[in-house]
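S.K.: I'd like to ask some things about the structure below.
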Amino acid sequence: MPVQALGELIGTFVLVLLGDGVVAGVSLAKTKANGAGWIAITLGWGLAVTLGVYTSSFMGPAHLNPAVTLAFAVIGKTPWSAVLPFILAQMIGAFLGAVVVWVQYYPHWAATKDQAAILGTFATGPAIRSPFANFMSELIGTFILIFALLGLTRGQLTAGLNPLIVGVIITAIGLSLGGTTGYAINPARDLGPRIAHAVLPIANKGDSDWSYAWVPVVGPLVGGVLGALAFIVLP
């Protein structure tokens, strides 16, 4: 279990470092990627998840997402004894990944005056603030994520291809469903970096928007469980 939890920490660290990194590159002032847009962000996140899985799957299941861990536990694919250690490791990895993003882009925070853009490099936020609609967006996106991940377990894929397919799933969700909330679909990916945003001495940062923070946590957890339960009723 300790080795598997370490894998969750390392994989989630890589996921957030590269995922939040691409958002920082697109959003912060005076970067060479500034203004590259939503396509760059969704592709970057898909590749971030792929590399996160590749760098940790030899140590454990590489969930890298509390919604995946909980959903798999509900349907018996992950022991309940692993849930808390995995989620704690994922949260630590996500927090550390966000800290390194802050270091990587250090001079660009001071050059960026848009507080929303700065928060957006760490945590998600709604395009239109509507708690029910935002919750449903995160629920639906994570439902599809878990349903598709479980579908991989029934396919005949060449060994080593799974992480690439997972990256494709994340990219597809981002392109098709992510425009409403920024598609956290992962409580650790949002909450860990949001905590980092709150505690780090980031130049020009504003509020961490804690009133919204429950949406990218509860929505994915509920959507993940529903996606797993829907999949197991298939013949």
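In the structure tokens, chains take the letters A, B, ... in the order shown, each chain's residues start at 1, and ligands count up from 1 in the order shown.
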As a ChimeraX atom specification, please: the residues near Glu138 (chain A) (cut-off 12 Å, only C-alpha atoms, same-chain neighbours under 2 positions excluded).
M.R.: /A:67,124-126,131-136,140-145,173-174,177-187,190,213-224
S.K.: Print the selection's residues with N, CA and C atoms to a file, as a short mmCIF file (atom, residue, chain, number, x, y, z; two decimals), in the first residue's frame.
M.R.:
```cif
data_model
loop_
_atom_site.label_atom_id
_atom_site.label_comp_id
_atom_site.auth_asym_id
_atom_site.auth_seq_id
_atom_site.Cartn_x
_atom_site.Cartn_y
_atom_site.Cartn_z
N ALA A 67 -12.18 10.81 -7.43
CA ALA A 67 -13.44 10.32 -8.00
C ALA A 67 -13.26 8.92 -8.58
N THR A 124 -10.38 25.50 -11.06
CA THR A 124 -11.40 25.75 -12.07
C THR A 124 -12.41 26.78 -11.60
N GLY A 125 -13.17 27.30 -12.55
CA GLY A 125 -14.24 28.23 -12.24
C GLY A 125 -15.27 28.21 -13.35
N PRO A 126 -16.49 28.62 -13.05
CA PRO A 126 -17.56 28.54 -14.05
C PRO A 126 -17.51 29.68 -15.05
N PRO A 131 -24.87 27.43 -9.61
CA PRO A 131 -24.44 26.27 -8.83
C PRO A 131 -24.99 24.94 -9.31
N PHE A 132 -26.28 24.86 -9.62
CA PHE A 132 -26.83 23.59 -10.07
C PHE A 132 -26.27 23.18 -11.42
N ALA A 133 -26.25 24.12 -12.37
CA ALA A 133 -25.72 23.82 -13.69
C ALA A 133 -24.24 23.46 -13.62
N ASN A 134 -23.48 24.19 -12.81
CA ASN A 134 -22.05 23.90 -12.67
C ASN A 134 -21.83 22.52 -12.05
N PHE A 135 -22.62 22.19 -11.04
CA PHE A 135 -22.55 20.87 -10.41
C PHE A 135 -22.86 19.78 -11.43
N MET A 136 -23.89 19.99 -12.22
CA MET A 136 -24.27 18.99 -13.22
C MET A 136 -23.19 18.84 -14.29
N ILE A 140 -21.63 15.25 -15.01
CA ILE A 140 -21.72 14.61 -16.32
C ILE A 140 -20.33 14.29 -16.87
N GLY A 141 -19.41 15.24 -16.76
CA GLY A 141 -18.06 15.00 -17.25
C GLY A 141 -17.39 13.83 -16.57
N THR A 142 -17.56 13.74 -15.24
CA THR A 142 -16.93 12.64 -14.51
C THR A 142 -17.65 11.33 -14.73
N PHE A 143 -18.95 11.37 -14.91
CA PHE A 143 -19.70 10.17 -15.29
C PHE A 143 -19.10 9.56 -16.55
N ILE A 144 -18.89 10.39 -17.57
CA ILE A 144 -18.32 9.91 -18.83
C ILE A 144 -16.90 9.39 -18.62
N LEU A 145 -16.13 10.09 -17.82
CA LEU A 145 -14.76 9.65 -17.53
C LEU A 145 -14.73 8.25 -16.95
N ILE A 173 -13.34 14.98 -23.29
CA ILE A 173 -14.23 15.60 -22.30
C ILE A 173 -13.98 17.10 -22.26
N GLY A 174 -12.72 17.49 -22.29
CA GLY A 174 -12.40 18.91 -22.25
C GLY A 174 -12.94 19.67 -23.44
N LEU A 177 -17.17 19.04 -23.31
CA LEU A 177 -17.95 19.35 -22.12
C LEU A 177 -17.28 20.34 -21.17
N GLY A 178 -16.02 20.66 -21.42
CA GLY A 178 -15.27 21.42 -20.44
C GLY A 178 -15.47 22.91 -20.45
N GLY A 179 -16.11 23.44 -21.47
CA GLY A 179 -16.23 24.88 -21.59
C GLY A 179 -17.11 25.55 -20.56
N THR A 180 -17.90 24.80 -19.83
CA THR A 180 -18.81 25.39 -18.84
C THR A 180 -18.13 25.68 -17.51
N THR A 181 -17.29 24.75 -17.07
CA THR A 181 -16.68 24.91 -15.74
C THR A 181 -15.16 24.76 -15.74
N GLY A 182 -14.58 24.46 -16.88
CA GLY A 182 -13.15 24.18 -16.89
C GLY A 182 -12.83 22.72 -16.58
N TYR A 183 -13.87 21.90 -16.49
CA TYR A 183 -13.80 20.45 -16.30
C TYR A 183 -12.73 19.97 -15.33
N ALA A 184 -12.98 20.22 -14.03
CA ALA A 184 -12.09 19.65 -13.01
C ALA A 184 -12.11 18.13 -13.13
N ILE A 185 -13.30 17.55 -13.09
CA ILE A 185 -13.55 16.10 -13.10
C ILE A 185 -12.58 15.34 -12.21
N ASN A 186 -12.06 16.02 -11.20
CA ASN A 186 -11.05 15.45 -10.31
C ASN A 186 -10.93 16.35 -9.09
N PRO A 187 -11.44 15.93 -7.93
CA PRO A 187 -11.38 16.79 -6.75
C PRO A 187 -9.98 17.20 -6.34
N ASP A 190 -8.42 20.05 -8.41
CA ASP A 190 -8.93 21.39 -8.13
C ASP A 190 -8.59 21.84 -6.71
N ALA A 213 -15.76 26.22 -4.36
CA ALA A 213 -14.85 25.07 -4.27
C ALA A 213 -15.55 23.73 -4.08
N TRP A 214 -16.77 23.73 -3.55
CA TRP A 214 -17.47 22.45 -3.33
C TRP A 214 -17.88 21.81 -4.65
N VAL A 215 -18.12 22.62 -5.69
CA VAL A 215 -18.63 22.08 -6.96
C VAL A 215 -17.65 21.10 -7.60
N PRO A 216 -16.35 21.47 -7.79
CA PRO A 216 -15.42 20.54 -8.40
C PRO A 216 -14.95 19.42 -7.48
N VAL A 217 -15.48 19.38 -6.27
CA VAL A 217 -15.22 18.25 -5.37
C VAL A 217 -16.42 17.31 -5.35
N VAL A 218 -17.58 17.84 -5.03
CA VAL A 218 -18.77 17.00 -4.89
C VAL A 218 -19.27 16.50 -6.24
N GLY A 219 -19.29 17.37 -7.25
CA GLY A 219 -19.76 16.96 -8.57
C GLY A 219 -19.02 15.75 -9.12
N PRO A 220 -17.69 15.77 -9.15
CA PRO A 220 -16.96 14.60 -9.64
C PRO A 220 -17.15 13.35 -8.79
N LEU A 221 -17.23 13.50 -7.49
CA LEU A 221 -17.42 12.31 -6.63
C LEU A 221 -18.76 11.64 -6.93
N VAL A 222 -19.82 12.45 -7.04
CA VAL A 222 -21.14 11.90 -7.34
C VAL A 222 -21.18 11.34 -8.76
N GLY A 223 -20.67 12.10 -9.72
CA GLY A 223 -20.67 11.64 -11.10
C GLY A 223 -19.86 10.38 -11.30
N GLY A 224 -18.74 10.26 -10.60
CA GLY A 224 -17.91 9.07 -10.72
C GLY A 224 -18.62 7.82 -10.23
#
```
S.K.: Using only C-alpha atoms, which protein or nucleic acid residues come within 6 Å of region 151-163 of chain A? Drop anything in the same chain fewer than 3 positions from it, and give the result as an NGL selection string.
M.R.: :A and (50 or 53 or 148 or 166)
S.K.: So which one's closest to Asp20 (chain A), A:Ser208, A:Thr42, A:Thr69, A:Ser56? Using only C-alpha atoms, please.
M.R.: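 Distance minimum relative to Asp20 (chain A) lands on A:Thr42.
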S.K.: Within 10 Å of Gly93 (chain A), counting only C-alpha atoms, which residues show up once you throw out same-chain ones fewer than 6 positions away? Write them as a PDB file with N, CA and C atoms, in the first residue's frame, please.
M.R.:
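Saved result, part-v2.pdb, follows:
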```pdb
ATOM      1  N   LEU A   6       2.433   6.111  -2.908  1.00  0.00           N
ATOM      2  CA  LEU A   6       3.495   6.949  -3.462  1.00  0.00           C
ATOM      3  C   LEU A   6       3.293   7.133  -4.961  1.00  0.00           C
ATOM      4  N   GLY A   7       2.873   6.079  -5.634  1.00  0.00           N
ATOM      5  CA  GLY A   7       2.564   6.195  -7.062  1.00  0.00           C
ATOM      6  C   GLY A   7       1.463   7.207  -7.319  1.00  0.00           C
ATOM      7  N   GLU A   8       0.431   7.197  -6.458  1.00  0.00           N
ATOM      8  CA  GLU A   8      -0.653   8.177  -6.615  1.00  0.00           C
ATOM      9  C   GLU A   8      -0.132   9.602  -6.421  1.00  0.00           C
ATOM     10  N   LEU A   9       0.760   9.780  -5.457  1.00  0.00           N
ATOM     11  CA  LEU A   9       1.324  11.108  -5.209  1.00  0.00           C
ATOM     12  C   LEU A   9       2.140  11.571  -6.414  1.00  0.00           C
ATOM     13  N   ILE A  10       3.039  10.710  -6.889  1.00  0.00           N
ATOM     14  CA  ILE A  10       3.911  11.089  -8.005  1.00  0.00           C
ATOM     15  C   ILE A  10       3.096  11.348  -9.274  1.00  0.00           C
ATOM     16  N   GLY A  11       2.165  10.450  -9.577  1.00  0.00           N
ATOM     17  CA  GLY A  11       1.370  10.611 -10.788  1.00  0.00           C
ATOM     18  C   GLY A  11       0.530  11.868 -10.764  1.00  0.00           C
ATOM     19  N   THR A  12      -0.074  12.175  -9.606  1.00  0.00           N
ATOM     20  CA  THR A  12      -0.905  13.374  -9.515  1.00  0.00           C
ATOM     21  C   THR A  12      -0.045  14.629  -9.546  1.00  0.00           C
ATOM     22  N   PHE A  13       1.146  14.541  -8.980  1.00  0.00           N
ATOM     23  CA  PHE A  13       2.098  15.659  -9.075  1.00  0.00           C
ATOM     24  C   PHE A  13       2.406  15.978 -10.536  1.00  0.00           C
ATOM     25  N   VAL A  14       2.728  14.955 -11.317  1.00  0.00           N
ATOM     26  CA  VAL A  14       3.036  15.167 -12.733  1.00  0.00           C
ATOM     27  C   VAL A  14       1.815  15.707 -13.465  1.00  0.00           C
ATOM     28  N   LEU A  15       0.654  15.142 -13.186  1.00  0.00           N
ATOM     29  CA  LEU A  15      -0.598  15.570 -13.826  1.00  0.00           C
ATOM     30  C   LEU A  15      -0.839  17.053 -13.601  1.00  0.00           C
ATOM     31  N   VAL A  16      -0.743  17.507 -12.364  1.00  0.00           N
ATOM     32  CA  VAL A  16      -1.039  18.911 -12.052  1.00  0.00           C
ATOM     33  C   VAL A  16       0.079  19.829 -12.526  1.00  0.00           C
ATOM     34  N   LEU A  17       1.333  19.397 -12.393  1.00  0.00           N
ATOM     35  CA  LEU A  17       2.433  20.224 -12.870  1.00  0.00           C
ATOM     36  C   LEU A  17       2.262  20.548 -14.353  1.00  0.00           C
ATOM     37  N   LEU A  64      -5.016   8.674  -9.706  1.00  0.00           N
ATOM     38  CA  LEU A  64      -4.674  10.101  -9.763  1.00  0.00           C
ATOM     39  C   LEU A  64      -5.885  11.003  -9.609  1.00  0.00           C
ATOM     40  N   ILE A  87      -6.417   8.963  -1.650  1.00  0.00           N
ATOM     41  CA  ILE A  87      -6.917  10.333  -1.783  1.00  0.00           C
ATOM     42  C   ILE A  87      -5.970  11.319  -1.109  1.00  0.00           C
ATOM     43  N   VAL A  99       2.558  24.049  -6.542  1.00  0.00           N
ATOM     44  CA  VAL A  99       3.671  24.848  -6.012  1.00  0.00           C
ATOM     45  C   VAL A  99       4.776  24.982  -7.052  1.00  0.00           C
ATOM     46  N   ALA A 188      -9.008  16.289  -6.454  1.00  0.00           N
ATOM     47  CA  ALA A 188      -7.634  16.620  -6.059  1.00  0.00           C
ATOM     48  C   ALA A 188      -7.032  17.654  -6.991  1.00  0.00           C
ATOM     49  N   ARG A 189      -7.327  17.522  -8.281  1.00  0.00           N
ATOM     50  CA  ARG A 189      -6.789  18.453  -9.268  1.00  0.00           C
ATOM     51  C   ARG A 189      -7.239  19.884  -8.993  1.00  0.00           C
ATOM     52  N   GLY A 192      -6.393  20.657  -4.325  1.00  0.00           N
ATOM     53  CA  GLY A 192      -4.987  20.791  -3.961  1.00  0.00           C
ATOM     54  C   GLY A 192      -4.386  22.092  -4.463  1.00  0.00           C
ATOM     55  N   PRO A 193      -4.519  22.405  -5.765  1.00  0.00           N
ATOM     56  CA  PRO A 193      -4.010  23.680  -6.257  1.00  0.00           C
ATOM     57  C   PRO A 193      -4.745  24.908  -5.701  1.00  0.00           C
TER      58      PRO A 193
END
```
